[in-house]
Amino acid sequence: MCPHPNIASTAFLIADPARASMLMALVEGHALPAGELAYAAGVTAQTASAHLAKLLAGGLVEVEAEGRHRYYRLGGSHVALLLENLASVTPLNRPRVRPLSADAQKLRFARCCYDHLAGQLGVAVTQALERRGVIVAGADKQFEVTAAGIEWFGRMGLNVPDLQPTRRGLARQCLDWSERQHHLAGPLGVQWMNLLCTNGWLRRVKATRAVQVTPQGWVWLKDQLGIEGRQGELTHDA
DNA sequence: CTATACCAAAATTTGTCGCT
DNA sequence: AGCGACAAATTTTGGTATAG
């Protein structure tokens, strides 16, 4: 008898190529209708519907009916984490997607990943902080804030010693799925994101996970972190 | 033999349009 | 507004194919 029937059934659900494609299409956090997921997996709507029913029963996805569409999303951040970890050890075949929509491009550029900054911009900002000695990559998938870094964050209005680490630490290294590099997460990542928004440098786009840089934001990014660009792309990052 | 995946066709559900 | 016809998205059903 298998001593871990639960993980076996979860692994079985993910192991099917069609289901894996649908899950990876959802990993960016967008909810997608069944038809879109069928396209992503390269199967017909009927087949996709059967797969989605299994994923739903297994708790890997949730569904929300809106009109005649049924929007599926991942069953939670733990599912996203599981998939991102799998993707990090496997050569990634990007799921088939419709010619990259404007929305998808915005998400790839900058988005919030469970309340911290991710995407191209998230990675660029994290790397700029490292280059400036504000944070250093430490053991256990954590970033450590240097003494100079504590001072630097303080000048920005973020008092690092006040932050409470969670079980998973204070400044976690989160693997960015689209960029395949780390960005800053954990309580520090969350407060950092809040700070960028409350100072008017970043703006969250309503009803999506996309994030926009404001005109003042671009000025600030260039002055403080040496990051240059315009809406939707980075032109210089050093 | 059994389990699982696939697809075609039919059924179901919901939104939209034109008419009174 | 209420009604019916039609369109679109999705699910259900039934049959076939394939792997172990």
# chains A, B, ... in the order shown; residues from 1 in each chain; ligands from 1
>>> residues_around(residues="A:Phe143", least_positions_apart="6", cutoff="7 Å", atoms="only C-alpha atoms (C1' of nucleotides)", output="ChimeraX atom specification")
/A:135-137,171-173
>>> write_last_selection(atoms="N, CA, C and O atoms", output="PDB file, in the first residue's frame")
ATOM      1  N   ILE A 135      20.830  44.458  -0.307  1.00  0.00           N
ATOM      2  CA  ILE A 135      20.556  43.080   0.115  1.00  0.00           C
ATOM      3  C   ILE A 135      21.623  42.178  -0.498  1.00  0.00           C
ATOM      4  O   ILE A 135      22.218  42.517  -1.520  1.00  0.00           O
ATOM      5  N   VAL A 136      21.859  41.039   0.150  1.00  0.00           N
ATOM      6  CA  VAL A 136      22.747  40.035  -0.438  1.00  0.00           C
ATOM      7  C   VAL A 136      22.028  38.688  -0.381  1.00  0.00           C
ATOM      8  O   VAL A 136      21.256  38.424   0.542  1.00  0.00           O
ATOM      9  N   ALA A 137      22.266  37.872  -1.400  1.00  0.00           N
ATOM     10  CA  ALA A 137      21.662  36.546  -1.415  1.00  0.00           C
ATOM     11  C   ALA A 137      22.342  35.705  -0.352  1.00  0.00           C
ATOM     12  O   ALA A 137      23.562  35.581  -0.332  1.00  0.00           O
ATOM     13  N   ALA A 171      12.928  37.916   4.087  1.00  0.00           N
ATOM     14  CA  ALA A 171      13.144  38.391   2.715  1.00  0.00           C
ATOM     15  C   ALA A 171      13.470  37.194   1.833  1.00  0.00           C
ATOM     16  O   ALA A 171      14.607  36.893   1.540  1.00  0.00           O
ATOM     17  N   ARG A 172      12.423  36.521   1.435  1.00  0.00           N
ATOM     18  CA  ARG A 172      12.584  35.262   0.714  1.00  0.00           C
ATOM     19  C   ARG A 172      12.980  35.511  -0.743  1.00  0.00           C
ATOM     20  O   ARG A 172      12.596  36.506  -1.349  1.00  0.00           O
ATOM     21  N   GLN A 173      13.755  34.568  -1.314  1.00  0.00           N
ATOM     22  CA  GLN A 173      14.033  34.598  -2.746  1.00  0.00           C
ATOM     23  C   GLN A 173      12.936  33.799  -3.442  1.00  0.00           C
ATOM     24  O   GLN A 173      12.817  32.605  -3.234  1.00  0.00           O
TER      25      GLN A 173
END
>>> interface_residues(of="chain A", to="chain C", cutoff="9 Å", atoms="only C-alpha atoms (C1' of nucleotides)", output="compact mmCIF listing (two decimals) with N, CA and C atoms, in the first residue's frame")
# COMPACT_ATOMS: atom_id res chain seq x y z
N PRO A 33 -10.83 31.09 -19.08
CA PRO A 33 -12.01 30.28 -19.38
C PRO A 33 -11.60 28.92 -19.93
N ALA A 34 -12.52 27.96 -19.85
CA ALA A 34 -12.22 26.60 -20.26
C ALA A 34 -11.73 26.52 -21.70
N GLY A 35 -12.33 27.31 -22.58
CA GLY A 35 -11.94 27.27 -23.99
C GLY A 35 -10.49 27.68 -24.20
N ALA A 45 -12.40 21.18 -26.63
CA ALA A 45 -13.08 21.69 -25.43
C ALA A 45 -13.63 20.55 -24.57
N GLN A 46 -14.15 19.52 -25.23
CA GLN A 46 -14.72 18.40 -24.46
C GLN A 46 -13.66 17.74 -23.61
N SER A 49 -12.58 19.90 -20.76
CA SER A 49 -13.59 19.94 -19.71
C SER A 49 -13.44 18.76 -18.76
N ALA A 50 -13.16 17.57 -19.34
CA ALA A 50 -12.98 16.38 -18.52
C ALA A 50 -11.74 16.52 -17.62
N ARG A 68 -21.85 32.72 -19.49
CA ARG A 68 -21.67 31.39 -20.07
C ARG A 68 -20.22 30.95 -20.05
N HIS A 69 -19.36 31.74 -19.44
CA HIS A 69 -17.96 31.34 -19.28
C HIS A 69 -17.75 30.74 -17.90
N ARG A 70 -16.80 29.84 -17.83
CA ARG A 70 -16.37 29.34 -16.52
C ARG A 70 -14.89 29.62 -16.40
>>> interface_residues(of="chain B", to="chain A", cutoff="10 Å", atoms="only C-alpha atoms (C1' of nucleotides)", output="compact mmCIF listing (two decimals) with N, CA, C and O atoms (P, O5', C5', C4', C3', O3' and C1' of nucleotides), in the first residue's frame")
# COMPACT_ATOMS: atom_id res chain seq x y z
P DA B 5 -6.32 10.42 -18.18
O5' DA B 5 -6.31 10.61 -19.76
C5' DA B 5 -5.13 10.27 -20.49
C4' DA B 5 -5.45 10.31 -21.96
C3' DA B 5 -6.25 11.55 -22.37
O3' DA B 5 -5.56 12.32 -23.35
C1' DA B 5 -7.28 9.55 -23.19
P DC B 6 -6.17 13.69 -23.81
O5' DC B 6 -6.96 13.30 -25.13
C5' DC B 6 -6.27 12.73 -26.24
C4' DC B 6 -7.29 12.29 -27.26
C3' DC B 6 -8.31 13.36 -27.59
O3' DC B 6 -7.92 14.08 -28.75
C1' DC B 6 -9.34 11.21 -27.29
P DC B 7 -8.69 15.37 -29.15
O5' DC B 7 -9.98 14.84 -29.93
C5' DC B 7 -9.81 13.97 -31.05
C4' DC B 7 -11.18 13.49 -31.49
C3' DC B 7 -12.15 14.63 -31.80
O3' DC B 7 -12.76 14.41 -33.06
C1' DC B 7 -13.11 13.13 -30.23
P DA B 8 -13.55 15.55 -33.78
O5' DA B 8 -15.03 14.96 -33.84
C5' DA B 8 -15.22 13.64 -34.35
C4' DA B 8 -16.69 13.27 -34.22
C3' DA B 8 -17.65 14.40 -34.60
O3' DA B 8 -18.75 13.85 -35.31
C1' DA B 8 -17.97 13.79 -32.31
P DT B 13 -29.46 23.00 -17.52
O5' DT B 13 -28.66 24.35 -17.69
C5' DT B 13 -27.26 24.38 -17.45
C4' DT B 13 -26.68 25.69 -17.92
C3' DT B 13 -27.53 26.91 -17.54
O3' DT B 13 -26.71 27.81 -16.82
C1' DT B 13 -26.91 26.97 -19.82
P DT B 14 -27.42 29.05 -16.09
O5' DT B 14 -27.04 30.25 -17.06
C5' DT B 14 -25.67 30.43 -17.41
C4' DT B 14 -25.58 31.38 -18.58
C3' DT B 14 -26.42 32.66 -18.41
O3' DT B 14 -25.52 33.76 -18.41
C1' DT B 14 -26.65 31.73 -20.58
P DG B 15 -26.04 35.26 -18.38
O5' DG B 15 -25.79 35.75 -19.87
C5' DG B 15 -24.47 35.67 -20.41
C4' DG B 15 -24.47 36.18 -21.84
C3' DG B 15 -25.06 37.57 -22.02
O3' DG B 15 -24.28 38.28 -22.98
C1' DG B 15 -26.26 36.02 -23.34
>>> select_by_dssp(residues="stretch 141-218 of chain A", states="strand (DSSP E)", output="MDAnalysis selection string")
chainID A and resid 143:145 173:175 182:184 202:204 211:213
>>> write_last_selection(atoms="N, CA, C and O atoms", output="mmCIF file, in the first residue's frame")
data_model
loop_
_atom_site.group_PDB
_atom_site.id
_atom_site.type_symbol
_atom_site.label_atom_id
_atom_site.label_comp_id
_atom_site.auth_asym_id
_atom_site.auth_seq_id
_atom_site.Cartn_x
_atom_site.Cartn_y
_atom_site.Cartn_z
ATOM 1 N N PHE A 143 17.184 36.448 1.234
ATOM 2 C CA PHE A 143 18.066 37.591 1.058
ATOM 3 C C PHE A 143 18.359 38.116 2.457
ATOM 4 O O PHE A 143 17.511 38.046 3.342
ATOM 5 N N GLU A 144 19.569 38.671 2.649
ATOM 6 C CA GLU A 144 19.863 39.319 3.914
ATOM 7 C C GLU A 144 20.017 40.804 3.648
ATOM 8 O O GLU A 144 20.626 41.204 2.656
ATOM 9 N N VAL A 145 19.455 41.607 4.543
ATOM 10 C CA VAL A 145 19.577 43.057 4.411
ATOM 11 C C VAL A 145 20.854 43.478 5.115
ATOM 12 O O VAL A 145 21.056 43.150 6.281
ATOM 13 N N GLN A 173 13.755 34.568 -1.314
ATOM 14 C CA GLN A 173 14.033 34.598 -2.746
ATOM 15 C C GLN A 173 12.936 33.799 -3.442
ATOM 16 O O GLN A 173 12.817 32.605 -3.234
ATOM 17 N N CYS A 174 12.131 34.486 -4.243
ATOM 18 C CA CYS A 174 11.016 33.818 -4.922
ATOM 19 C C CYS A 174 11.398 33.677 -6.391
ATOM 20 O O CYS A 174 11.817 34.645 -7.026
ATOM 21 N N LEU A 175 11.273 32.471 -6.909
ATOM 22 C CA LEU A 175 11.670 32.250 -8.303
ATOM 23 C C LEU A 175 10.608 32.841 -9.229
ATOM 24 O O LEU A 175 9.436 32.491 -9.156
ATOM 25 N N HIS A 182 15.472 35.183 -9.463
ATOM 26 C CA HIS A 182 14.797 35.467 -8.198
ATOM 27 C C HIS A 182 14.366 36.917 -8.072
ATOM 28 O O HIS A 182 15.013 37.814 -8.584
ATOM 29 N N HIS A 183 13.226 37.091 -7.399
ATOM 30 C CA HIS A 183 12.857 38.437 -6.984
ATOM 31 C C HIS A 183 12.566 38.413 -5.482
ATOM 32 O O HIS A 183 12.455 37.342 -4.876
ATOM 33 N N LEU A 184 12.462 39.612 -4.915
ATOM 34 C CA LEU A 184 12.331 39.749 -3.465
ATOM 35 C C LEU A 184 10.899 39.481 -3.001
ATOM 36 O O LEU A 184 9.964 40.109 -3.479
ATOM 37 N N LEU A 202 4.637 53.151 -8.330
ATOM 38 C CA LEU A 202 3.977 52.059 -9.049
ATOM 39 C C LEU A 202 2.478 52.155 -8.810
ATOM 40 O O LEU A 202 2.034 52.705 -7.805
ATOM 41 N N ARG A 203 1.745 51.610 -9.745
ATOM 42 C CA ARG A 203 0.284 51.616 -9.625
ATOM 43 C C ARG A 203 -0.219 50.245 -10.037
ATOM 44 O O ARG A 203 0.159 49.723 -11.082
ATOM 45 N N ARG A 204 -1.060 49.653 -9.201
ATOM 46 C CA ARG A 204 -1.641 48.354 -9.570
ATOM 47 C C ARG A 204 -2.828 48.607 -10.478
ATOM 48 O O ARG A 204 -3.636 49.483 -10.223
ATOM 49 N N VAL A 211 1.047 45.605 -13.018
ATOM 50 C CA VAL A 211 1.542 46.776 -12.296
ATOM 51 C C VAL A 211 2.111 47.747 -13.321
ATOM 52 O O VAL A 211 2.799 47.339 -14.250
ATOM 53 N N GLN A 212 1.813 49.040 -13.138
ATOM 54 C CA GLN A 212 2.338 50.076 -14.042
ATOM 55 C C GLN A 212 3.319 50.962 -13.301
ATOM 56 O O GLN A 212 3.174 51.203 -12.107
ATOM 57 N N VAL A 213 4.304 51.475 -14.030
ATOM 58 C CA VAL A 213 5.235 52.439 -13.468
ATOM 59 C C VAL A 213 4.708 53.827 -13.813
ATOM 60 O O VAL A 213 4.363 54.098 -14.961
#
>>> atom_distance(atom1="atom CA of A:Pro165", atom2="atom CA of A:Gln191")
11.9 Å
>>> select_by_dssp(residues="stretch 4-237 of chain A", states="helix (DSSP H, G or I)", output="PyMOL selection string")
chain A and resi 5-15+17-26+34-41+45-57+77-89+102-109+119-131+147-156+160-162+186-198+215-225
>>> residues_around(residues="A:Asn159", least_positions_apart="2", cutoff="12 Å", atoms="only C-alpha atoms (C1' of nucleotides)", output="NGL selection string")
:A and (145 or 149-157 or 161-164 or 187-188 or 191-192 or 195)
>>> atom_distance(atom1="atom CA of A:Thr198", atom2="atom CA of A:Trp218")
15.0 Å
>>> atom_distance(atom1="atom CA of A:Trp201", atom2="atom CA of A:Arg73")
29.2 Å
>>> decode(residues="chain B", atoms="N, CA and C atoms (P, O5', C5', C4', C3', O3' and C1' of nucleotides)", output="PDB file, in the first residue's frame")
ATOM      1  P    DC B   1     -11.562  -9.771 -21.790  1.00  0.00           P
ATOM      2  O5'  DC B   1     -10.390  -9.313 -20.782  1.00  0.00           O
ATOM      3  C5'  DC B   1     -10.242  -9.965 -19.537  1.00  0.00           C
ATOM      4  C4'  DC B   1      -9.782  -8.963 -18.503  1.00  0.00           C
ATOM      5  C3'  DC B   1     -10.758  -7.806 -18.273  1.00  0.00           C
ATOM      6  O3'  DC B   1     -10.712  -7.458 -16.887  1.00  0.00           O
ATOM      7  C1'  DC B   1      -8.707  -6.947 -19.065  1.00  0.00           C
ATOM      8  P    DT B   2     -11.772  -6.417 -16.331  1.00  0.00           P
ATOM      9  O5'  DT B   2     -10.870  -5.130 -16.136  1.00  0.00           O
ATOM     10  C5'  DT B   2      -9.616  -5.249 -15.460  1.00  0.00           C
ATOM     11  C4'  DT B   2      -8.942  -3.898 -15.421  1.00  0.00           C
ATOM     12  C3'  DT B   2      -9.904  -2.726 -15.234  1.00  0.00           C
ATOM     13  O3'  DT B   2      -9.379  -1.870 -14.228  1.00  0.00           O
ATOM     14  C1'  DT B   2      -8.559  -2.382 -17.158  1.00  0.00           C
ATOM     15  P    DA B   3     -10.192  -0.595 -13.762  1.00  0.00           P
ATOM     16  O5'  DA B   3      -9.250   0.574 -14.250  1.00  0.00           O
ATOM     17  C5'  DA B   3      -7.836   0.442 -14.151  1.00  0.00           C
ATOM     18  C4'  DA B   3      -7.179   1.561 -14.905  1.00  0.00           C
ATOM     19  C3'  DA B   3      -7.918   2.893 -14.778  1.00  0.00           C
ATOM     20  O3'  DA B   3      -6.974   3.920 -14.503  1.00  0.00           O
ATOM     21  C1'  DA B   3      -7.631   2.327 -17.062  1.00  0.00           C
ATOM     22  P    DT B   4      -7.502   5.394 -14.212  1.00  0.00           P
ATOM     23  O5'  DT B   4      -7.203   6.138 -15.577  1.00  0.00           O
ATOM     24  C5'  DT B   4      -5.890   6.045 -16.149  1.00  0.00           C
ATOM     25  C4'  DT B   4      -5.941   6.589 -17.550  1.00  0.00           C
ATOM     26  C3'  DT B   4      -6.713   7.906 -17.654  1.00  0.00           C
ATOM     27  O3'  DT B   4      -5.813   8.932 -18.027  1.00  0.00           O
ATOM     28  C1'  DT B   4      -7.245   6.393 -19.421  1.00  0.00           C
ATOM     29  P    DA B   5      -6.322  10.418 -18.178  1.00  0.00           P
ATOM     30  O5'  DA B   5      -6.310  10.611 -19.761  1.00  0.00           O
ATOM     31  C5'  DA B   5      -5.133  10.268 -20.494  1.00  0.00           C
ATOM     32  C4'  DA B   5      -5.454  10.312 -21.961  1.00  0.00           C
ATOM     33  C3'  DA B   5      -6.251  11.552 -22.367  1.00  0.00           C
ATOM     34  O3'  DA B   5      -5.562  12.316 -23.346  1.00  0.00           O
ATOM     35  C1'  DA B   5      -7.279   9.553 -23.185  1.00  0.00           C
ATOM     36  P    DC B   6      -6.167  13.692 -23.807  1.00  0.00           P
ATOM     37  O5'  DC B   6      -6.964  13.298 -25.128  1.00  0.00           O
ATOM     38  C5'  DC B   6      -6.273  12.726 -26.243  1.00  0.00           C
ATOM     39  C4'  DC B   6      -7.288  12.287 -27.256  1.00  0.00           C
ATOM     40  C3'  DC B   6      -8.308  13.365 -27.585  1.00  0.00           C
ATOM     41  O3'  DC B   6      -7.924  14.076 -28.749  1.00  0.00           O
ATOM     42  C1'  DC B   6      -9.339  11.211 -27.286  1.00  0.00           C
ATOM     43  P    DC B   7      -8.693  15.374 -29.152  1.00  0.00           P
ATOM     44  O5'  DC B   7      -9.978  14.841 -29.931  1.00  0.00           O
ATOM     45  C5'  DC B   7      -9.815  13.967 -31.052  1.00  0.00           C
ATOM     46  C4'  DC B   7     -11.184  13.489 -31.486  1.00  0.00           C
ATOM     47  C3'  DC B   7     -12.154  14.630 -31.801  1.00  0.00           C
ATOM     48  O3'  DC B   7     -12.759  14.405 -33.063  1.00  0.00           O
ATOM     49  C1'  DC B   7     -13.113  13.132 -30.231  1.00  0.00           C
ATOM     50  P    DA B   8     -13.547  15.552 -33.782  1.00  0.00           P
ATOM     51  O5'  DA B   8     -15.030  14.958 -33.839  1.00  0.00           O
ATOM     52  C5'  DA B   8     -15.215  13.638 -34.352  1.00  0.00           C
ATOM     53  C4'  DA B   8     -16.688  13.272 -34.225  1.00  0.00           C
ATOM     54  C3'  DA B   8     -17.647  14.402 -34.603  1.00  0.00           C
ATOM     55  O3'  DA B   8     -18.749  13.849 -35.314  1.00  0.00           O
ATOM     56  C1'  DA B   8     -17.967  13.790 -32.314  1.00  0.00           C
ATOM     57  P    DA B   9     -19.893  14.782 -35.861  1.00  0.00           P
ATOM     58  O5'  DA B   9     -21.056  14.594 -34.789  1.00  0.00           O
ATOM     59  C5'  DA B   9     -21.411  13.284 -34.364  1.00  0.00           C
ATOM     60  C4'  DA B   9     -22.425  13.376 -33.245  1.00  0.00           C
ATOM     61  C3'  DA B   9     -23.502  14.452 -33.450  1.00  0.00           C
ATOM     62  O3'  DA B   9     -24.748  13.914 -33.092  1.00  0.00           O
ATOM     63  C1'  DA B   9     -22.441  14.747 -31.365  1.00  0.00           C
ATOM     64  P    DA B  10     -26.077  14.763 -33.257  1.00  0.00           P
ATOM     65  O5'  DA B  10     -26.554  14.904 -31.745  1.00  0.00           O
ATOM     66  C5'  DA B  10     -26.558  13.748 -30.914  1.00  0.00           C
ATOM     67  C4'  DA B  10     -26.840  14.161 -29.485  1.00  0.00           C
ATOM     68  C3'  DA B  10     -28.000  15.154 -29.330  1.00  0.00           C
ATOM     69  O3'  DA B  10     -28.814  14.731 -28.248  1.00  0.00           O
ATOM     70  C1'  DA B  10     -26.046  16.020 -28.318  1.00  0.00           C
ATOM     71  P    DA B  11     -30.081  15.603 -27.835  1.00  0.00           P
ATOM     72  O5'  DA B  11     -29.549  16.301 -26.513  1.00  0.00           O
ATOM     73  C5'  DA B  11     -28.957  15.503 -25.489  1.00  0.00           C
ATOM     74  C4'  DA B  11     -28.590  16.393 -24.322  1.00  0.00           C
ATOM     75  C3'  DA B  11     -29.683  17.398 -23.943  1.00  0.00           C
ATOM     76  O3'  DA B  11     -29.820  17.391 -22.535  1.00  0.00           O
ATOM     77  C1'  DA B  11     -27.621  18.520 -24.369  1.00  0.00           C
ATOM     78  P    DT B  12     -30.882  18.362 -21.849  1.00  0.00           P
ATOM     79  O5'  DT B  12     -29.927  19.516 -21.298  1.00  0.00           O
ATOM     80  C5'  DT B  12     -28.777  19.158 -20.546  1.00  0.00           C
ATOM     81  C4'  DT B  12     -28.066  20.418 -20.100  1.00  0.00           C
ATOM     82  C3'  DT B  12     -29.013  21.522 -19.631  1.00  0.00           C
ATOM     83  O3'  DT B  12     -28.568  21.964 -18.364  1.00  0.00           O
ATOM     84  C1'  DT B  12     -27.473  22.349 -21.222  1.00  0.00           C
ATOM     85  P    DT B  13     -29.457  22.996 -17.520  1.00  0.00           P
ATOM     86  O5'  DT B  13     -28.661  24.354 -17.694  1.00  0.00           O
ATOM     87  C5'  DT B  13     -27.262  24.379 -17.449  1.00  0.00           C
ATOM     88  C4'  DT B  13     -26.682  25.694 -17.924  1.00  0.00           C
ATOM     89  C3'  DT B  13     -27.528  26.912 -17.537  1.00  0.00           C
ATOM     90  O3'  DT B  13     -26.713  27.808 -16.818  1.00  0.00           O
ATOM     91  C1'  DT B  13     -26.908  26.971 -19.823  1.00  0.00           C
ATOM     92  P    DT B  14     -27.416  29.047 -16.085  1.00  0.00           P
ATOM     93  O5'  DT B  14     -27.039  30.251 -17.057  1.00  0.00           O
ATOM     94  C5'  DT B  14     -25.669  30.433 -17.412  1.00  0.00           C
ATOM     95  C4'  DT B  14     -25.580  31.382 -18.581  1.00  0.00           C
ATOM     96  C3'  DT B  14     -26.417  32.662 -18.409  1.00  0.00           C
ATOM     97  O3'  DT B  14     -25.523  33.763 -18.408  1.00  0.00           O
ATOM     98  C1'  DT B  14     -26.652  31.729 -20.578  1.00  0.00           C
ATOM     99  P    DG B  15     -26.036  35.263 -18.384  1.00  0.00           P
ATOM    100  O5'  DG B  15     -25.790  35.748 -19.875  1.00  0.00           O
ATOM    101  C5'  DG B  15     -24.468  35.675 -20.411  1.00  0.00           C
ATOM    102  C4'  DG B  15     -24.467  36.179 -21.842  1.00  0.00           C
ATOM    103  C3'  DG B  15     -25.061  37.571 -22.022  1.00  0.00           C
ATOM    104  O3'  DG B  15     -24.285  38.276 -22.980  1.00  0.00           O
ATOM    105  C1'  DG B  15     -26.263  36.019 -23.338  1.00  0.00           C
ATOM    106  P    DT B  16     -24.649  39.761 -23.384  1.00  0.00           P
ATOM    107  O5'  DT B  16     -25.422  39.571 -24.767  1.00  0.00           O
ATOM    108  C5'  DT B  16     -24.784  38.868 -25.825  1.00  0.00           C
ATOM    109  C4'  DT B  16     -25.598  39.018 -27.095  1.00  0.00           C
ATOM    110  C3'  DT B  16     -26.204  40.410 -27.321  1.00  0.00           C
ATOM    111  O3'  DT B  16     -26.079  40.722 -28.697  1.00  0.00           O
ATOM    112  C1'  DT B  16     -27.902  38.795 -27.350  1.00  0.00           C
ATOM    113  P    DC B  17     -26.293  42.219 -29.222  1.00  0.00           P
ATOM    114  O5'  DC B  17     -27.400  42.014 -30.346  1.00  0.00           O
ATOM    115  C5'  DC B  17     -27.428  40.806 -31.113  1.00  0.00           C
ATOM    116  C4'  DC B  17     -28.811  40.648 -31.738  1.00  0.00           C
ATOM    117  C3'  DC B  17     -29.521  41.977 -32.026  1.00  0.00           C
ATOM    118  O3'  DC B  17     -30.012  41.958 -33.350  1.00  0.00           O
ATOM    119  C1'  DC B  17     -30.910  40.550 -30.764  1.00  0.00           C
ATOM    120  P    DG B  18     -30.516  43.337 -34.029  1.00  0.00           P
ATOM    121  O5'  DG B  18     -32.028  42.980 -34.345  1.00  0.00           O
ATOM    122  C5'  DG B  18     -32.351  41.717 -34.927  1.00  0.00           C
ATOM    123  C4'  DG B  18     -33.832  41.449 -34.745  1.00  0.00           C
ATOM    124  C3'  DG B  18     -34.735  42.655 -35.039  1.00  0.00           C
ATOM    125  O3'  DG B  18     -35.838  42.221 -35.800  1.00  0.00           O
ATOM    126  C1'  DG B  18     -35.168  41.831 -32.865  1.00  0.00           C
ATOM    127  P    DC B  19     -36.819  43.271 -36.476  1.00  0.00           P
ATOM    128  O5'  DC B  19     -38.174  42.978 -35.688  1.00  0.00           O
ATOM    129  C5'  DC B  19     -38.687  41.630 -35.647  1.00  0.00           C
ATOM    130  C4'  DC B  19     -39.716  41.537 -34.534  1.00  0.00           C
ATOM    131  C3'  DC B  19     -40.763  42.650 -34.569  1.00  0.00           C
ATOM    132  O3'  DC B  19     -42.021  42.110 -34.929  1.00  0.00           O
ATOM    133  C1'  DC B  19     -39.969  42.179 -32.350  1.00  0.00           C
ATOM    134  P    DT B  20     -43.246  43.130 -35.249  1.00  0.00           P
ATOM    135  O5'  DT B  20     -44.041  43.137 -33.877  1.00  0.00           O
ATOM    136  C5'  DT B  20     -44.535  41.901 -33.340  1.00  0.00           C
ATOM    137  C4'  DT B  20     -45.019  42.138 -31.922  1.00  0.00           C
ATOM    138  C3'  DT B  20     -46.074  43.235 -31.789  1.00  0.00           C
ATOM    139  O3'  DT B  20     -47.216  42.725 -31.122  1.00  0.00           O
ATOM    140  C1'  DT B  20     -44.352  43.490 -30.179  1.00  0.00           C
TER     141       DT B  20
END
